There are 4 protein chains.
Amino acid sequence: MFNSIHEECGVFGIFDTKTSPVADTVYFGLHALQHRGQEACGIAVNSDGVFTHYKGDGLVADVFTPEKTALLGSGNMAIGHVRYSTTGGRDINNIQPLVVRHIKGNLALAHNGNLTNSDEIRKKIELSGGIFHGSSDTEAIAYSLVENRLTSDSTCEAVEKTMNTIKGAYSCVLMTATKIIAFRDPNGFRPLCMGRTAGGAFCVASESCALDAVGAEFMRDIRPGEIVEFSKDGMRSITSHCTEKSKSSMCVFEYIYFARPDSVLDGVSVHHARINAGRFLAMEHPVDADIVIGVPDSGLDAALGYASHSGTPYGIGFIKNKYTGRSFIQPSQKQRESTVKLKLNVIKESVNGKRVVMVDDSIVRGTTCAGIIRLLRNAGAKEVHLRISSPPFRHPCYFGTDIDSEENLIACKYDSVEETARVIGADSLGYLSVESTRKIAQGAGVCFCDGCFTGNYTVPVPENPAKNKYDTKIGEF
Amino acid sequence: MFNSIHEECGVFGIFDTKTSPVADTVYFGLHALQHRGQEACGIAVNSDGVFTHYKGDGLVADVFTPEKTALLGSGNMAIGHVRYSTTGGRDINNIQPLVVRHIKGNLALAHNGNLTNSDEIRKKIELSGGIFHGSSDTEAIAYSLVENRLTSDSTCEAVEKTMNTIKGAYSCVLMTATKIIAFRDPNGFRPLCMGRTAGGAFCVASESCALDAVGAEFMRDIRPGEIVEFSKDGMRSITSHCTEKSKSSMCVFEYIYFARPDSVLDGVSVHHARINAGRFLAMEHPVDADIVIGVPDSGLDAALGYASHSGTPYGIGFIKNKYTGRSFIQPSQKQRESTVKLKLNVIKESVNGKRVVMVDDSIVRGTTCAGIIRLLRNAGAKEVHLRISSPPFRHPCYFGTDIDSEENLIACKYDSVEETARVIGADSLGYLSVESTRKIAQGAGVCFCDGCFTGNYTVPVPENPAKNKYDTKIGEF
Amino acid sequence: MFNSIHEECGVFGIFDTKTSPVADTVYFGLHALQHRGQEACGIAVNSDGVFTHYKGDGLVADVFTPEKTALLGSGNMAIGHVRYSTTGGRDINNIQPLVVRHIKGNLALAHNGNLTNSDEIRKKIELSGGIFHGSSDTEAIAYSLVENRLTSDSTCEAVEKTMNTIKGAYSCVLMTATKIIAFRDPNGFRPLCMGRTAGGAFCVASESCALDAVGAEFMRDIRPGEIVEFSKDGMRSITSHCTEKSKSSMCVFEYIYFARPDSVLDGVSVHHARINAGRFLAMEHPVDADIVIGVPDSGLDAALGYASHSGTPYGIGFIKNKYTGRSFIQPSQKQRESTVKLKLNVIKESVNGKRVVMVDDSIVRGTTCAGIIRLLRNAGAKEVHLRISSPPFRHPCYFGTDIDSEENLIACKYDSVEETARVIGADSLGYLSVESTRKIAQGAGVCFCDGCFTGNYTVPVPENPAKNKYDTKIGEF
Amino acid sequence: MFNSIHEECGVFGIFDTKTSPVADTVYFGLHALQHRGQEACGIAVNSDGVFTHYKGDGLVADVFTPEKTALLGSGNMAIGHVRYSTTGGRDINNIQPLVVRHIKGNLALAHNGNLTNSDEIRKKIELSGGIFHGSSDTEAIAYSLVENRLTSDSTCEAVEKTMNTIKGAYSCVLMTATKIIAFRDPNGFRPLCMGRTAGGAFCVASESCALDAVGAEFMRDIRPGEIVEFSKDGMRSITSHCTEKSKSSMCVFEYIYFARPDSVLDGVSVHHARINAGRFLAMEHPVDADIVIGVPDSGLDAALGYASHSGTPYGIGFIKNKYTGRSFIQPSQKQRESTVKLKLNVIKESVNGKRVVMVDDSIVRGTTCAGIIRLLRNAGAKEVHLRISSPPFRHPCYFGTDIDSEENLIACKYDSVEETARVIGADSLGYLSVESTRKIAQGAGVCFCDGCFTGNYTVPVPENPAKNKYDTKIGEF
């Protein structure tokens, strides 16, 4: 499945013991996290307290040309961010890291997640004279940090106090003149881990695949609620403030779709979790078929799991065009129906005359899915049995995932699975059950959030969350 | 003379009574003000309270491609800004207009000038929990506006209170959900004027040439200390807060170099002021010569004035290459000596075998000047008498002009005019006297600041202004 | 395996019965053929005899922005080309299609392949007064076509005569004022096929995947030696000139690596041929192992074949970063060793503690291969058995494939397979035998060329082919 | 006057005795010739017989970025070209220099001018088997050179023979493996001169201002009909083939508009010729007025001449916006009327309440002119007397100038000067007489062509010149 659900961010940070090309390291780290956000990115470098930063719209490799990256210079610390932004939110002021010039010391912040009480926080700050440049939660966190810092003995103390104020999902990397501080919300909604390079530099990343990319050895995940400080005195973990009452609730969709299969999140391999999902799917929704194929890229692992458990042969059913650019011309009306063809083609040889199990990770509106099934039928597939390695989406996410609005969700539109199958043209359709979903990452040191499937959230969620409230008609300043 | 002294900014705003392509109007206005800042620009559009903005590095015509400009959409108000930024300050967060998302209403601000007490203001705000994204004074003004707004009955009242707090030079255009408010510091260091289009829209601009460019009729200058509000109720001027004690002190260098000759500032035509400067120069430093030529573009008017008063024929001595791009390749070491040649060539016919009076507006380091004189000699000029239509630079400007540091100023390096002449290779050299400089714009409704020539400033100036203080090594946040 | 062997070209043509957005169709066709050439591309549109064309360096989606594509306008015919160019040959004059303005009628030509007698042809033409702008063979074909046209009754007759003159590999699409003519050399070294859209337009393409992309139904392959003319009178096939003596010899490496798995070439599915290769490989080089993985993307199919025949489970061993851009910054010296990491990461879960069979399509220098094996070992693989789905490269290709020079080929450097295995760090190494290679596409209507493996070519090859002879020091014109 | 009449080209060449950054030198030379063609440019470098070239659409500084220029490398010879292309002729194949790869030696050619018999030449070549990539005359010259070279003992002999074949205007620079050869048609329609750098390198350029730009000393003009060869044996002039019968006929409009005022063409300063034109204009069309102003940039010199002869004071009436970019947004319908305002603004101070003489170099359609006069009236000018420093355009140019078609020329549309004056809104209008035009460059070693004014051409012109004949519907190839 592609292009319908969006993770909001990926973060990366490095603390080196000496001056090195830290911008390059962050570049490669962000490049490995590119799947978490393709619309904008930024890097801030700290060279002995002097902060240099650059950010822009686009992919890491496009924004950070060799020339621009060189401008960032060397340093001993740096943090970076990749971002996906919702329509209307494409504001240059929202691109991260957020860099604050402050008399007490400069500060840069990169954040993955979504606060549930940012409206309250902003309101309070604004009414006491504060100003916001953008609409991202990150500014709210930065304000809290600065405010708390003024009454704290250390930055870490300010982080602790801030964590008492902000609610929701946040996996953050903070850079000060002398330190990198990573912290993760008490529920651990979004992943965050750390590693160390052969040269002794500490790295923090949203996913372990970014540590691999920069040649850093994975050390461990940052724990829900934990604050980790990297400074010239080495690494220090702060958990004394962590209470028992917060139940960890890592986003289970990270395993199903967001994260890269080569990442290990909270102790469980994403690839392994997906294979598991495929296996459970085969148990729950078996079918007599000739071949199991996955929709590239995120359906492949689950297809392999399905095939291995069911005994039906695994095959390669699709080729994805890897040259699809951004400035793509729009197909004319007639050609538009087959838009999916520009990205995906069927290997006829694999499916012609066969009963096909097609595995994908999720369905949102169902249109792309229907298009792919049509491709299979045109290529001669006798039957198409769709298996989805997650439960149906029925509820919004308040923790950093951008799911379509409910009226567009196919699972909200049609009552029964049978009807949905008919609408998208599948001979049968099977979703992974919520119960099995909870078991795909067994062994992880954390519990999961599956609110988008169940409507049950581990923490209170806003009743009427304002959407882009700063873009509506409002009273005179 | 070119490329050595920099104005910091130009501003433009429009208040239309109905929805119109206001972004286009601001575009054309900024294009006419491009000489006031070529490094970055931005436009913010207000469509019934919804603010859309875009900004970037580069010239107006490069940043605002037709595609990008179209994204701004229509509206009934808009403001824009062109910026020159000093090295080190090329921070995307400093590009204006500054847009603030605030629960009390959105706000956008464009500012030309330089505060003398921004350090104090920032310090106070930061220590009470505020955060700054960039290093520009504009954020300090915005903070004050927001803070004062919370205790005021109207935006204009907040502007009044803010004007009591901020010191120095500021010609600002402020946009709220329902109003455009223009205000100018009590000394009127930088120009600001207003006009009206045939369609009834009000425009505010740094210079009248921008009103011409958008087809607006010049109404009048905004007076030093004045606040002018444009709303659906029309225009309202507020001057009740203006005290007698502030002495107007418009930057005289606006007439000599910054402003476009076709602009009229505070009642006096820039072209006329330059012709006057040339005339006074001819009175003060006459010389027997065959031809008077100006260094393009800013020396031409004064040359014409010199010629007309002296009776020596006016001629065209130089051709300036108008295709000089930004991505220019660097001439090799050998060729570098003649860099000036890429931009300027002598018309030999005009100067060969002649005694030449060459008029320019100012000398900074003297290197460019020496290069130009060498070109004239190579073209056969028998004598070169340099006449400068301003006094020598000897002091810093605290009000928005970026003059080289004192150790680089030729007038600080060499004691006598004779020595300076010798160093740059001129047969004689004459600067306009301070006394005459004060008379070039006689008839203007304001007095002038000539602190960069005299060291006497009309308002207190900072004793040890920090340079880029946020880019130095500082204590831990 | 990636980036070491290069196909030279892909071609696409359309003949519509009415005016339509033919440029768009060619765009989508070329986009599907992008894997055949990523360095440059071009499109020529014919609107009632008026030719418009555009070409440039880069990917189809980058060169043909919506704006540029729109400039090509509509038409009833168009042809296009994607190109890979060897170093030194990056000459804008070599980008195709070649458009010739001729008094007898305009002509555009796109060519995939390589002539073996182009030196002779060029020499003859040059010595009789002809001039060449570029160094591509395409100009030589165009010259022959034009020369022969002057003594022929039809364009097709000229094509026939030209096919008697030119030797080697050529799959061409020719556009005249009123016709599209496709022709393929008598040996059929490079593929070429045709199809028809629902609207009745004829399409010609290097591979069938491009027909799929534009919604055209595959009709059949153009046969070796065949000329097919598309005009308002429909389609006409000319084969009367085809003699029995030319033995078809399609490039077998098209199946192994070049072509897309979803293409069907000369009657055989590329995916199927690769699965076959994997099966034969398992027969020839069995090994006790825990998992079979393929190197993405071209090693995946053969890995599946190997797994299915051997009974060893198929797994997913690598994740390929799909965001790798062109303006990529260069990793520093230290980081360079792990360049391969930027593109490829191992799924540790899949290989840790296991005996791994890694399947790839070919080895050129061996360095990339060695890097990938190192990645596997670092991820905990106990054993790595490399299986290559083609025989070792030992000889040059004269028919359009750019293989490294012999001194760089690992198979020429080391005598034994054992030594090669040791050098690249594999526990064992097995190449597919030449005999099996000949059987992977059984059922194809053609025979194969395997000269790069065996040194036996089906047609005479040049003894001392000049490399870039126009770029060497030569006598005065 | 701006943007209505177009010169077709500028050429530059350098022959150095040693390897040097010749591409840079050509870059700076072309940059100085940019006014002769702004749509495309190219450079070809010769490094010991190996030719490297690059070309593209746009200004020299945009096409030749530092990166692209560096790719050209060093060499001992190079030639370059700037081009203006008529609509429809924007074909990449037409951008020069034309580089030919030939077995007898490589060849690069840059050409300024227009052949009158290129149709015949092309037809003859095409019918004997030759092919043309583009529609420029340059290919025809290259073909002739190559053909003649095959039967000649030297390149210069081939050039001589070619000059017997080609008719019309051509100022060419030819580069072979070992030589630079400059040649100019027997009538000398277009300028061409040579100079020498301090380092001993020979340079050839369309105008002397390009020699100034690269620090080369002007040596002399290439004479009509002359061939000059630069090789390791130094410089050699060949004129033995020049017959008495060809009357030199340099384009007089080069002095009036095309050339840069700082250039000296055939012994006469362009600036001086324009001053003369202004003087003659004052004699022929005197008027009582308060100020004489020129339309920038090309009307300024003649205005100065007019002022000096008439005694009416010279003034500066307009400011031209120097930041006008290419991607300029289009003003809306309402704003369009004032398009001219974006480029030009009136200095009110100069003209308000005055009787103004406005001097421009030419009128084509009259619309721009009318717009400028309207600007003056709006600024308060009491009277506007337009003086044109050339006779009215009434006839086409066959020698390289792109004049509007006759039905658009204001001088063809209206019978009398009085009517024209009324239409464009001038109080009076005076053109320079043909007789005076002939005298503006007295002292030049050549005679002039004024065919566009008189319809009398010094050489036969084509009766029905085909316009873009290769872009019309034609017979099947």
# chains A, B, ... in the order shown; residues from 1 in each chain; ligands from 1
call {"tool": "residues_around", "arguments": {"residues": "stretch 139-143 of chain B", "least_positions_apart": "6", "cutoff": "7 Å", "atoms": "only C-alpha atoms", "output": "VMD selection string"}}
result
(chain A and resid 130 to 131) or (chain B and resid 118 121 to 122 132)
call {"tool": "residues_around", "arguments": {"residues": "C:Cys412", "least_positions_apart": "3", "cutoff": "12 Å", "atoms": "only C-alpha atoms", "output": "count of residues only"}}
result
22
call {"tool": "interface_residues", "arguments": {"of": "chain D", "to": "chain B", "cutoff": "8 Å", "atoms": "only C-alpha atoms", "output": "VMD selection string"}}
result
chain D and resid 24 28 31 to 32 34 59 61 to 62 65 to 66 69 209 212 to 215 260 to 263 269 271 to 272 301 304 315 to 316 318 to 319 321 to 331 335 338 341 to 342 345 to 349
call {"tool": "atom_distance", "arguments": {"atom1": "atom CA of C:Ser249", "atom2": "atom CA of C:Ile181"}}
result
22.1 Å
call {"tool": "select_by_dssp", "arguments": {"residues": "stretch 100-279 of chain A", "states": "strand (DSSP E)", "output": "PyMOL selection string"}}
result
chain A and resi 100+107-115+168-176+180-184+193-197+202-205+216-221+227-231+234-238+250-251+264-265+268-269
call {"tool": "write_last_selection", "arguments": {"atoms": "C-alpha atoms", "output": "mmCIF file, in the first residue's frame"}}
result
data_model
loop_
_atom_site.group_PDB
_atom_site.id
_atom_site.type_symbol
_atom_site.label_atom_id
_atom_site.label_comp_id
_atom_site.auth_asym_id
_atom_site.auth_seq_id
_atom_site.Cartn_x
_atom_site.Cartn_y
_atom_site.Cartn_z
ATOM 1 C CA VAL A 100 15.993 28.985 19.400
ATOM 2 C CA LEU A 107 18.786 25.311 21.696
ATOM 3 C CA ALA A 108 17.653 23.120 18.842
ATOM 4 C CA LEU A 109 14.801 20.648 18.994
ATOM 5 C CA ALA A 110 13.533 17.859 16.747
ATOM 6 C CA HIS A 111 10.325 16.106 17.571
ATOM 7 C CA ASN A 112 8.413 13.066 16.345
ATOM 8 C CA GLY A 113 4.852 12.655 17.555
ATOM 9 C CA ASN A 114 1.841 14.715 18.407
ATOM 10 C CA LEU A 115 0.784 16.419 21.623
ATOM 11 C CA GLY A 168 0.653 12.789 24.120
ATOM 12 C CA ALA A 169 3.339 11.396 21.825
ATOM 13 C CA TYR A 170 6.833 12.799 21.681
ATOM 14 C CA SER A 171 10.167 11.268 20.863
ATOM 15 C CA CYS A 172 12.535 14.211 20.974
ATOM 16 C CA VAL A 173 16.156 15.100 20.451
ATOM 17 C CA LEU A 174 17.295 18.335 22.053
ATOM 18 C CA MET A 175 20.638 20.022 21.433
ATOM 19 C CA THR A 176 22.105 22.675 23.725
ATOM 20 C CA ILE A 180 22.379 16.247 23.347
ATOM 21 C CA ILE A 181 19.333 15.156 25.339
ATOM 22 C CA ALA A 182 16.925 12.515 24.053
ATOM 23 C CA PHE A 183 13.556 11.950 25.701
ATOM 24 C CA ARG A 184 10.527 9.844 24.977
ATOM 25 C CA CYS A 193 16.870 4.307 20.133
ATOM 26 C CA MET A 194 20.547 4.939 20.554
ATOM 27 C CA GLY A 195 23.856 3.579 19.369
ATOM 28 C CA ARG A 196 27.540 4.281 19.276
ATOM 29 C CA THR A 197 29.994 4.593 16.409
ATOM 30 C CA PHE A 202 26.697 8.600 20.489
ATOM 31 C CA CYS A 203 23.775 8.570 18.074
ATOM 32 C CA VAL A 204 20.045 8.801 18.675
ATOM 33 C CA ALA A 205 17.544 7.813 16.003
ATOM 34 C CA ALA A 216 26.812 2.915 14.658
ATOM 35 C CA GLU A 217 26.303 -0.108 16.854
ATOM 36 C CA PHE A 218 22.812 -0.368 18.290
ATOM 37 C CA MET A 219 22.978 0.050 22.082
ATOM 38 C CA ARG A 220 19.369 -0.028 23.214
ATOM 39 C CA ASP A 221 15.998 1.677 22.886
ATOM 40 C CA ILE A 227 15.622 11.067 29.534
ATOM 41 C CA VAL A 228 19.114 10.351 28.231
ATOM 42 C CA GLU A 229 21.787 13.011 28.297
ATOM 43 C CA PHE A 230 24.962 12.856 26.193
ATOM 44 C CA SER A 231 27.729 15.233 27.200
ATOM 45 C CA GLY A 234 29.423 10.529 28.686
ATOM 46 C CA MET A 235 25.916 9.206 28.802
ATOM 47 C CA ARG A 236 23.495 9.574 31.696
ATOM 48 C CA SER A 237 20.021 8.043 31.940
ATOM 49 C CA ILE A 238 17.348 9.700 34.060
ATOM 50 C CA MET A 250 3.907 1.949 21.389
ATOM 51 C CA CYS A 251 2.081 2.514 18.088
ATOM 52 C CA VAL A 264 14.389 -3.337 15.430
ATOM 53 C CA LEU A 265 11.923 -1.407 17.616
ATOM 54 C CA VAL A 268 11.433 -6.724 18.097
ATOM 55 C CA SER A 269 12.463 -6.888 14.440
#
call {"tool": "select_by_dssp", "arguments": {"residues": "stretch 254-385 of chain C", "states": "helix (DSSP H, G or I)", "output": "number ranges by chain"}}
result
C: 254-258, 270-284, 300-310, 333-336, 339-343, 348-351, 367-378
call {"tool": "atom_distance", "arguments": {"atom1": "atom CA of A:Gly56", "atom2": "atom CA of A:Gly10"}}
result
15.1 Å
